[in-house]
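Shown next: start-v3.cif, containing mmCIF, C-alpha atoms.
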data_upload
loop_
_atom_site.label_atom_id
_atom_site.label_comp_id
_atom_site.auth_asym_id
_atom_site.auth_seq_id
_atom_site.Cartn_x
_atom_site.Cartn_y
_atom_site.Cartn_z
CA MET A 1 97.78 -9.06 -13.60
CA ASP A 2 95.54 -11.69 -12.29
CA PRO A 3 91.86 -11.09 -12.95
CA VAL A 4 89.91 -9.93 -9.98
CA ASN A 5 87.75 -12.72 -8.59
CA ILE A 6 84.40 -11.03 -8.16
CA GLN A 7 81.92 -13.20 -6.35
CA HIS A 8 78.21 -12.57 -6.66
CA VAL A 9 76.78 -11.59 -3.32
CA PRO A 10 73.01 -12.08 -3.14
CA THR A 11 71.09 -8.89 -2.58
CA PRO A 12 69.22 -9.04 0.71
CA ALA A 13 65.53 -9.59 0.20
CA GLN A 14 63.56 -6.38 0.43
CA PRO A 15 60.06 -6.27 1.77
CA SER A 16 57.47 -5.64 -0.93
CA VAL A 17 55.01 -2.83 -0.55
CA PHE A 18 52.38 -5.40 -1.57
CA GLY A 19 53.54 -8.02 0.94
CA ASP A 20 54.38 -11.59 0.03
CA VAL A 21 51.76 -11.91 -2.70
CA VAL A 22 52.46 -15.55 -3.37
CA GLY A 23 52.85 -16.72 0.18
CA LYS A 24 50.19 -14.61 1.82
CA ALA A 25 47.52 -14.32 -0.85
CA ARG A 26 44.00 -14.77 0.45
CA PRO A 27 40.80 -15.33 -1.47
CA PRO A 28 38.72 -12.18 -1.75
CA ALA A 29 36.29 -11.65 1.08
CA ILE A 30 32.68 -12.46 0.33
CA SER A 31 30.47 -9.40 0.58
CA PRO A 32 27.54 -9.21 2.99
CA ALA A 33 25.16 -9.37 0.02
CA ALA A 34 26.72 -12.56 -1.33
CA THR A 35 27.00 -14.05 2.16
CA GLU A 36 23.28 -13.64 2.86
CA ALA A 37 22.34 -14.84 -0.62
CA ILE A 38 24.42 -18.00 -0.22
CA GLN A 39 23.07 -18.70 3.26
CA PHE A 40 19.55 -18.36 1.90
CA LEU A 41 20.18 -20.59 -1.11
CA LYS A 42 21.85 -23.24 1.04
CA MET A 43 18.77 -23.24 3.26
CA ILE A 44 16.52 -23.65 0.22
CA ASP A 45 18.65 -26.44 -1.25
CA ALA A 46 22.26 -27.02 -0.21
CA THR A 47 22.87 -29.79 -2.75
CA GLY A 48 20.86 -28.63 -5.75
CA ARG A 49 21.24 -26.34 -8.73
CA HIS A 50 20.24 -22.67 -8.57
CA ASN A 51 19.26 -20.01 -11.10
CA LEU A 52 19.72 -16.26 -10.55
CA VAL A 53 18.40 -13.39 -12.66
CA ALA A 54 19.18 -9.65 -12.68
CA PHE A 55 16.84 -6.93 -13.97
CA ASP A 56 17.45 -3.29 -14.84
CA PRO A 57 15.72 -1.08 -12.22
CA THR A 58 15.54 1.93 -14.53
CA VAL A 59 12.70 0.39 -16.56
CA ASP A 60 9.37 -1.03 -15.41
CA SER A 61 9.59 -4.16 -17.53
CA GLY A 62 11.92 -5.83 -19.94
CA PRO A 63 14.22 -8.81 -20.35
CA PRO A 64 16.85 -9.58 -17.73
CA ILE A 65 20.25 -7.95 -18.08
CA ALA A 66 21.90 -11.13 -16.79
CA ALA A 67 20.83 -14.65 -15.86
CA ARG A 68 22.77 -17.77 -14.98
CA THR A 69 22.13 -21.34 -13.90
CA PHE A 70 24.66 -22.64 -11.38
CA ALA A 71 25.79 -26.21 -10.83
CA ALA A 72 25.28 -27.68 -7.38
CA GLY A 73 27.87 -26.30 -4.98
CA ASP A 74 29.06 -23.43 -7.19
CA TRP A 75 28.95 -20.95 -4.33
CA SER A 76 31.92 -18.96 -5.63
CA GLY A 77 30.12 -18.46 -8.95
CA ILE A 78 27.00 -17.35 -7.13
CA ALA A 79 29.01 -14.92 -4.99
CA GLU A 80 30.62 -13.43 -8.09
CA PHE A 81 27.23 -12.99 -9.81
CA VAL A 82 25.69 -11.35 -6.75
CA ASP A 83 28.62 -9.00 -6.22
CA ARG A 84 28.64 -8.00 -9.88
CA HIS A 85 24.97 -6.98 -9.88
CA SER A 86 23.98 -6.16 -6.28
CA GLY A 87 23.17 -2.50 -5.85
CA THR A 88 22.82 -1.79 -9.57
CA ALA A 89 20.23 -4.41 -10.55
CA ASN A 90 17.30 -6.16 -8.93
CA LEU A 91 18.27 -9.75 -8.10
CA TYR A 92 15.95 -12.75 -8.16
CA LEU A 93 16.17 -16.51 -7.80
CA THR A 94 14.15 -19.28 -9.38
CA ALA A 95 12.61 -20.89 -6.33
CA ASN A 96 12.48 -24.41 -7.74
CA GLU A 97 15.46 -26.43 -8.91
CA PRO A 98 16.65 -26.13 -12.51
CA GLY A 99 16.95 -29.36 -14.44
CA ALA A 100 20.31 -30.74 -15.53
CA THR A 101 19.95 -29.20 -19.01
CA ALA A 102 18.46 -25.86 -17.92
CA PRO A 103 19.82 -22.95 -19.99
CA GLN A 104 21.85 -19.95 -18.90
CA GLY A 105 18.90 -17.60 -18.78
CA LYS A 106 15.49 -16.97 -17.27
CA LEU A 107 13.83 -20.36 -16.99
CA ARG A 108 10.47 -21.66 -18.13
CA LYS A 109 8.41 -24.46 -16.66
CA GLU A 110 10.01 -27.11 -18.84
CA HIS A 111 13.40 -26.18 -17.38
CA ILE A 112 12.40 -27.05 -13.80
CA GLY A 113 13.84 -30.38 -12.69
CA ARG A 114 12.39 -30.61 -9.19
CA ILE A 115 9.80 -28.76 -7.10
CA ARG A 116 11.25 -27.91 -3.69
CA ALA A 117 8.84 -25.26 -2.38
CA VAL A 118 5.49 -23.57 -2.71
CA TYR A 119 5.31 -19.86 -2.05
CA ALA A 120 3.26 -16.69 -1.88
CA ASP A 121 4.14 -13.05 -2.53
CA VAL A 122 2.03 -10.28 -1.01
CA ASP A 123 2.70 -6.67 -2.02
CA PRO A 124 1.43 -3.45 -0.42
CA ALA A 125 -2.04 -2.45 -1.52
CA ASP A 126 -2.31 0.26 -4.16
CA GLY A 127 -3.90 3.49 -3.02
CA VAL A 128 -2.66 3.08 0.56
CA GLU A 129 0.31 4.94 2.04
CA VAL A 130 3.30 2.62 1.67
CA GLU A 131 4.34 2.43 5.33
CA ARG A 132 0.78 1.81 6.47
CA ALA A 133 0.38 -0.94 3.88
CA ARG A 134 3.66 -2.53 4.94
CA ASP A 135 2.55 -2.43 8.58
CA THR A 136 -0.55 -4.38 7.58
CA LEU A 137 1.61 -6.96 5.82
CA ALA A 138 3.95 -7.21 8.81
CA ALA A 139 0.94 -7.97 11.03
CA GLN A 140 -0.14 -10.66 8.59
CA ALA A 141 3.35 -12.19 8.76
CA GLU A 142 3.13 -12.34 12.55
CA ARG A 143 -0.20 -14.16 12.35
CA LEU A 144 1.23 -16.67 9.90
CA LYS A 145 4.09 -17.49 12.27
CA ALA A 146 1.55 -18.70 14.82
CA GLY A 147 -0.76 -20.38 12.32
CA ALA A 148 -1.47 -23.99 11.46
CA ILE A 149 1.10 -24.10 8.64
CA PRO A 150 3.71 -21.44 9.40
CA PRO A 151 6.10 -20.73 6.53
CA THR A 152 9.60 -22.12 6.57
CA VAL A 153 10.95 -18.76 5.44
CA ILE A 154 9.60 -15.22 5.42
CA VAL A 155 11.41 -12.62 3.33
CA ASP A 156 10.82 -8.89 3.56
CA SER A 157 11.40 -8.25 -0.13
CA GLY A 158 11.76 -4.51 0.38
CA GLY A 159 8.32 -4.06 -1.14
CA GLY A 160 6.07 -6.68 0.37
CA PHE A 161 6.56 -10.09 1.95
CA GLN A 162 7.42 -13.46 0.43
CA TYR A 163 6.47 -16.72 2.14
CA LEU A 164 8.08 -20.05 1.33
CA TRP A 165 6.91 -23.46 2.48
CA LEU A 166 9.84 -25.79 1.83
CA LEU A 167 9.08 -29.43 1.06
CA LYS A 168 10.45 -32.47 2.86
CA GLU A 169 11.28 -34.09 -0.47
CA LYS A 170 11.88 -32.55 -3.87
CA LEU A 171 9.07 -33.51 -6.22
CA ASP A 172 8.96 -34.48 -9.89
CA PRO A 173 7.08 -31.82 -11.91
CA ALA A 174 5.69 -34.54 -14.17
CA GLN A 175 3.61 -35.74 -11.23
CA PHE A 176 3.27 -32.72 -8.96
CA LEU A 177 3.09 -29.60 -11.15
CA SER A 178 -0.70 -29.33 -10.86
CA TRP A 179 -0.59 -29.82 -7.10
CA ALA A 180 2.20 -27.27 -6.59
CA GLU A 181 0.50 -24.59 -8.67
CA GLY A 182 -2.90 -25.33 -7.18
CA GLN A 183 -1.42 -25.09 -3.68
CA GLY A 184 0.31 -21.82 -4.49
CA ARG A 185 -2.89 -20.48 -6.03
CA ALA A 186 -4.84 -21.33 -2.87
CA LEU A 187 -2.26 -19.72 -0.59
CA ALA A 188 -2.30 -16.58 -2.71
CA HIS A 189 -6.09 -16.50 -2.57
CA GLU A 190 -6.08 -16.81 1.22
CA LEU A 191 -3.35 -14.21 1.72
CA GLY A 192 -4.41 -11.72 -0.91
CA GLY A 193 -1.18 -12.34 -2.79
CA ASP A 194 -0.07 -12.05 -6.37
CA ALA A 195 -0.33 -14.76 -9.02
CA VAL A 196 3.04 -16.38 -8.37
CA GLN A 197 2.00 -20.03 -8.29
CA ASN A 198 3.84 -21.06 -11.47
CA ILE A 199 6.71 -23.46 -10.78
CA ASP A 200 9.22 -21.35 -12.74
CA ARG A 201 8.47 -18.26 -10.63
CA LEU A 202 11.19 -15.79 -9.70
CA LEU A 203 11.37 -14.55 -6.11
CA ARG A 204 13.41 -11.70 -4.65
CA LEU A 205 16.92 -12.72 -3.54
CA PRO A 206 17.67 -11.61 0.05
CA GLY A 207 20.83 -9.69 0.85
CA SER A 208 20.64 -7.11 -1.93
CA PRO A 209 18.63 -3.90 -2.17
CA ASN A 210 15.25 -3.75 -3.82
CA LEU A 211 15.65 -0.87 -6.27
CA PRO A 212 12.23 0.53 -7.19
CA THR A 213 11.45 0.97 -10.86
CA PRO A 214 9.98 4.27 -12.11
CA GLY A 215 6.44 2.96 -11.76
CA LYS A 216 7.03 1.88 -8.16
CA ILE A 217 8.75 5.15 -7.30
CA ALA A 218 5.56 6.89 -8.45
CA LYS A 219 3.66 4.81 -5.88
CA GLY A 220 5.96 5.92 -3.07
CA ARG A 221 8.31 2.94 -2.98
CA VAL A 222 11.90 3.56 -1.86
CA LYS A 223 15.11 1.57 -1.92
CA ARG A 224 15.10 -1.12 0.79
CA LEU A 225 17.21 -4.14 1.58
CA ALA A 226 15.58 -7.50 0.88
CA ARG A 227 16.15 -9.60 3.98
CA VAL A 228 15.12 -12.81 5.71
CA ILE A 229 12.99 -12.12 8.79
CA LEU A 230 12.12 -15.72 9.64
CA ALA A 231 14.01 -18.92 8.89
CA GLU A 232 13.13 -22.33 10.31
CA PRO A 233 15.12 -24.71 8.07
CA GLY A 234 13.86 -27.80 9.86
CA ARG A 235 10.24 -26.88 9.16
CA ARG A 236 9.45 -28.82 6.00
CA TYR A 237 6.15 -30.04 4.64
CA LYS A 238 4.67 -32.93 2.74
CA PRO A 239 2.05 -31.96 0.16
CA THR A 240 -0.72 -33.37 2.36
CA ASP A 241 0.44 -31.26 5.32
CA LEU A 242 -0.41 -28.13 3.35
CA SER A 243 -3.41 -29.27 1.34
CA SER A 244 -5.19 -30.61 4.42
CA VAL A 245 -5.22 -27.05 5.81
CA VAL A 246 -5.56 -25.00 2.61
CA ALA A 247 -7.08 -27.01 -0.22
CA PRO A 248 -5.44 -26.47 -3.63
CA LEU A 249 -7.39 -24.45 -6.18
CA ALA A 250 -7.62 -25.46 -9.82
CA LYS A 251 -6.89 -22.85 -12.46
CA PRO A 252 -10.13 -21.50 -13.98
CA ALA A 253 -10.45 -22.41 -17.64
CA ASN A 254 -10.58 -18.77 -18.77
CA ALA A 255 -7.75 -17.47 -16.55
CA THR A 256 -4.18 -16.78 -17.59
CA GLU A 257 -1.17 -17.37 -15.36
CA GLU A 258 -0.98 -13.71 -14.33
CA THR A 259 -4.71 -12.89 -14.10
CA ASP A 260 -6.00 -15.92 -12.25
CA ALA A 261 -9.61 -15.20 -11.27
CA HIS A 262 -9.35 -17.02 -7.95
CA ILE A 263 -6.36 -14.93 -6.94
CA VAL A 264 -7.87 -11.65 -8.10
CA ASP A 265 -10.93 -12.37 -5.96
CA GLY A 266 -8.65 -13.15 -3.03
CA VAL A 267 -6.79 -9.88 -3.39
CA LYS A 268 -10.09 -7.99 -3.22
CA LEU A 269 -11.09 -9.95 -0.12
CA PHE A 270 -7.74 -9.26 1.53
CA ARG A 271 -7.81 -5.53 0.80
CA GLY A 272 -11.21 -5.24 2.43
CA ASN A 273 -10.53 -7.49 5.41
CA GLU A 274 -6.87 -6.81 6.25
CA GLY A 275 -5.88 -10.37 5.44
CA ALA A 276 -7.98 -12.36 7.90
CA MET A 277 -7.28 -16.08 7.49
CA SER A 278 -9.01 -18.97 9.22
CA TRP A 279 -5.70 -20.89 9.37
CA GLY A 280 -3.28 -18.04 10.06
CA GLY A 281 -3.38 -17.76 13.82
#
Represent the supplied structure as structure tokens.
Amino acid sequence: MDPVNIQHVPTPAQPSVFGDVVGKARPPAISPAATEAIQFLKMIDATGRHNLVAFDPTVDSGPPIAARTFAAGDWSGIAEFVDRHSGTANLYLTANEPGATAPQGKLRKEHIGRIRAVYADVDPADGVEVERARDTLAAQAERLKAGAIPPTVIVDSGGGFQYLWLLKEKLDPAQFLSWAEGQGRALAHELGGDAVQNIDRLLRLPGSPNLPTPGKIAKGRVKRLARVILAEPGRRYKPTDLSSVVAPLAKPANATEETDAHIVDGVKLFRGNEGAMSWGG
């Protein structure tokens, strides 16, 4: 008996419940938090390095739970970092550009490669109902918009307001550290802000919630989204543009970075005068 000639008949392709994974795969969508963070960082410096830091909101102070320095253009890495920590940690950026050898951690002054902004950070006054204090800060922000040197960016940090004056050219810290910190010190004095003039300062990253720590909860703070409320990317300044309006202040010999006497005096002035500025509109 001749053997039966059995030919293999291909089984018709069956649709997969997961679709054509290979042919139709798409990169994961970027979350709103990562999208806003990337837009903000591109506005600050589209071609430079960035450093992000995450802190545990369940404690009032302590080391970061994560920190990373990103190469120029590593937007996917930034998106992954933001999405991993947004909503469970407080996210910050180093405002100035990390140097080429900056570590994977929270940076110090010697890790800053270029100065690209000066900034101020004004928080609600203690002893004042939070919403009333924030209303006062919002009014100050409106005056600044119409002032002689309006900020490039205003961020509602979820607590207070952050102001950034972006520079036309990135500056070498070896030559401009004293100017940048003196300019930031003067702006803080005028606005009643905190001592944030140091060039390695962390600022709140927009797009993610500000999660109050226990100490801030006790003051009436609540969870709020950090968000950009003004962005004028073309508004950039030379050092003389700023210092001709608000003269830089030198650091007093007996003051530390965080208890600068000039700034403390300015905070007292601001609290008693609702932030009146001769140059702020």
For this session: Could you check how far CA of Arg143 (chain A) sits from CA of Leu191 (chain A), in Å to one decimal?
Result: 11.1 Å
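Closest approach to Ala247 (chain A) among A:Ile217, A:Val155, A:Leu225, A:Leu187 is made by A:Leu187 (distances from all atoms listed in the file).
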Problem set entry | Selection under test: the PyMOL selection byres ((chain A and resi 162) around 9); residues as a list in words | Tyr119, Ala120, Asp121, Val122, Asp123, Val153, Ile154, Val155, Asp156, Ser157, Gly160, Phe161, Tyr163, Leu164, Leu203 and Arg204 of chain A
With C-alpha atoms kept, could you save the residues just selected as a short mmCIF file (atom, residue, chain, number, x, y, z; two decimals), in the coordinates of the input?
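Output (result.cif):
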data_model
loop_
_atom_site.label_atom_id
_atom_site.label_comp_id
_atom_site.auth_asym_id
_atom_site.auth_seq_id
_atom_site.Cartn_x
_atom_site.Cartn_y
_atom_site.Cartn_z
CA TYR A 119 5.31 -19.86 -2.05
CA ALA A 120 3.26 -16.69 -1.88
CA ASP A 121 4.14 -13.05 -2.53
CA VAL A 122 2.03 -10.28 -1.01
CA ASP A 123 2.70 -6.67 -2.02
CA VAL A 153 10.95 -18.76 5.44
CA ILE A 154 9.60 -15.22 5.42
CA VAL A 155 11.41 -12.62 3.33
CA ASP A 156 10.82 -8.89 3.56
CA SER A 157 11.40 -8.25 -0.13
CA GLY A 160 6.07 -6.68 0.37
CA PHE A 161 6.56 -10.09 1.95
CA TYR A 163 6.47 -16.72 2.14
CA LEU A 164 8.08 -20.05 1.33
CA LEU A 203 11.37 -14.55 -6.11
CA ARG A 204 13.41 -11.70 -4.65
#
Considering all atoms listed in the file, return as a PDB file with C-alpha atoms, in the frame of the given file whatever protein or nucleic-acid residues lie within 12 Å of region 74-83 of chain A, sequence-local ones (same chain, fewer than 2 positions apart) excluded.
ATOM      1  CA  PRO A  27      40.800 -15.330  -1.470  1.00  0.00           C
ATOM      2  CA  PRO A  28      38.720 -12.180  -1.750  1.00  0.00           C
ATOM      3  CA  ALA A  29      36.290 -11.650   1.080  1.00  0.00           C
ATOM      4  CA  ILE A  30      32.680 -12.460   0.330  1.00  0.00           C
ATOM      5  CA  SER A  31      30.470  -9.400   0.580  1.00  0.00           C
ATOM      6  CA  PRO A  32      27.540  -9.210   2.990  1.00  0.00           C
ATOM      7  CA  ALA A  33      25.160  -9.370   0.020  1.00  0.00           C
ATOM      8  CA  ALA A  34      26.720 -12.560  -1.330  1.00  0.00           C
ATOM      9  CA  THR A  35      27.000 -14.050   2.160  1.00  0.00           C
ATOM     10  CA  GLU A  36      23.280 -13.640   2.860  1.00  0.00           C
ATOM     11  CA  ALA A  37      22.340 -14.840  -0.620  1.00  0.00           C
ATOM     12  CA  ILE A  38      24.420 -18.000  -0.220  1.00  0.00           C
ATOM     13  CA  GLN A  39      23.070 -18.700   3.260  1.00  0.00           C
ATOM     14  CA  PHE A  40      19.550 -18.360   1.900  1.00  0.00           C
ATOM     15  CA  LEU A  41      20.180 -20.590  -1.110  1.00  0.00           C
ATOM     16  CA  LYS A  42      21.850 -23.240   1.040  1.00  0.00           C
ATOM     17  CA  ALA A  46      22.260 -27.020  -0.210  1.00  0.00           C
ATOM     18  CA  THR A  47      22.870 -29.790  -2.750  1.00  0.00           C
ATOM     19  CA  GLY A  48      20.860 -28.630  -5.750  1.00  0.00           C
ATOM     20  CA  ARG A  49      21.240 -26.340  -8.730  1.00  0.00           C
ATOM     21  CA  HIS A  50      20.240 -22.670  -8.570  1.00  0.00           C
ATOM     22  CA  ASN A  51      19.260 -20.010 -11.100  1.00  0.00           C
ATOM     23  CA  LEU A  52      19.720 -16.260 -10.550  1.00  0.00           C
ATOM     24  CA  VAL A  53      18.400 -13.390 -12.660  1.00  0.00           C
ATOM     25  CA  ALA A  54      19.180  -9.650 -12.680  1.00  0.00           C
ATOM     26  CA  ILE A  65      20.250  -7.950 -18.080  1.00  0.00           C
ATOM     27  CA  ALA A  66      21.900 -11.130 -16.790  1.00  0.00           C
ATOM     28  CA  ALA A  67      20.830 -14.650 -15.860  1.00  0.00           C
ATOM     29  CA  ARG A  68      22.770 -17.770 -14.980  1.00  0.00           C
ATOM     30  CA  THR A  69      22.130 -21.340 -13.900  1.00  0.00           C
ATOM     31  CA  PHE A  70      24.660 -22.640 -11.380  1.00  0.00           C
ATOM     32  CA  ALA A  71      25.790 -26.210 -10.830  1.00  0.00           C
ATOM     33  CA  ALA A  72      25.280 -27.680  -7.380  1.00  0.00           C
ATOM     34  CA  HIS A  85      24.970  -6.980  -9.880  1.00  0.00           C
ATOM     35  CA  SER A  86      23.980  -6.160  -6.280  1.00  0.00           C
ATOM     36  CA  GLY A  87      23.170  -2.500  -5.850  1.00  0.00           C
ATOM     37  CA  THR A  88      22.820  -1.790  -9.570  1.00  0.00           C
ATOM     38  CA  ALA A  89      20.230  -4.410 -10.550  1.00  0.00           C
ATOM     39  CA  ASN A  90      17.300  -6.160  -8.930  1.00  0.00           C
ATOM     40  CA  LEU A  91      18.270  -9.750  -8.100  1.00  0.00           C
ATOM     41  CA  TYR A  92      15.950 -12.750  -8.160  1.00  0.00           C
ATOM     42  CA  LEU A  93      16.170 -16.510  -7.800  1.00  0.00           C
ATOM     43  CA  LEU A 205      16.920 -12.720  -3.540  1.00  0.00           C
ATOM     44  CA  PRO A 206      17.670 -11.610   0.050  1.00  0.00           C
ATOM     45  CA  GLY A 207      20.830  -9.690   0.850  1.00  0.00           C
ATOM     46  CA  SER A 208      20.640  -7.110  -1.930  1.00  0.00           C
ATOM     47  CA  PRO A 209      18.630  -3.900  -2.170  1.00  0.00           C
TER      48      PRO A 209
END
For this session: Would you list the contacts of Thr240 (chain A) as a PyMOL selection string, taking every protein, DNA or RNA residue within 12 Å and counting only C-alpha atoms, but skipping same-chain residues closer than 4 positions in sequence?
Result: chain A and resi 149+167-168+179-180+183+236+244-248
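For the set A:Asp135, A:Glu110, A:Glu97, A:Asp126, the residue with the smallest atom-to-atom gap to Gly215 (chain A) is A:Asp126, counting all atoms listed in the file.
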Exercise. So what does the PyMOL selection byres ((chain A and resi 182) around 10) actually pick up in this one, as a list in words?
Worked result: Val118, Phe176, Leu177, Ser178, Trp179, Ala180, Glu181, Gln183, Gly184, Arg185, Ala186, Leu187, Ala188, Gln197, Asn198, Ser243, Ala247, Pro248, Leu249, Ala250 and Lys251 of chain A
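One finds CA of Leu166 (chain A) at 18.5 Å from CA of Ala195 (chain A).
Among the candidates A:Gly193, A:Pro57, A:Pro151, A:Pro173, the one nearest to Arg114 (chain A) when counting all atoms listed in the file is A:Pro173.
Take CA of Arg108 (chain A) and CA of Pro233 (chain A): the distance between them is 26.8 Å.
If only C-alpha atoms are the atoms counted, then among A:Gln140, A:Asn96, A:Ser61, A:Asn254 the closest residue to Arg116 (chain A) is A:Asn96.
Shortest separation to Lys145 (chain A) among A:Leu171, A:Val59, A:Ile229, A:Met43 occurs at residue A:Ile229, atoms counted being all atoms listed in the file.
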Using 5 Å of padding on each side, determine the axis-aligned box around all atoms of region 199-215 of chain A present in the file and give its centre and edge lengths in Å to one decimal, as lines of an AutoDock Vina configuration file.
center_x = 13.6
center_y = -9.6
center_z = -5.9
size_x = 24.4
size_y = 37.7
size_z = 23.6
Exercise. If you apply the PyMOL selection byres ((chain A and resi 224) around 7) to this file, what residues do you get, as a PyMOL selection string?
Worked result: chain A and resi 158+209-210+222-223+225-226
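Among A:Pro150, A:Gly192, A:Gly99, A:Leu242, the residue with the shortest atom-to-atom distance to Thr136 (chain A), counting all atoms listed in the file, is A:Gly192.
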Problem set entry | Test item: which residues lie within 10 Å of (4.6, 1.1, -5.3) counting all atoms listed in the file, as a list in words | Asp123, Pro124, Ala125, Asp126, Gly127, Val128, Glu129, Val130, Gly159, Gly160, Pro212, Thr213, Pro214, Gly215, Lys216, Ile217, Ala218, Lys219, Gly220, Arg221 and Val222 of chain A
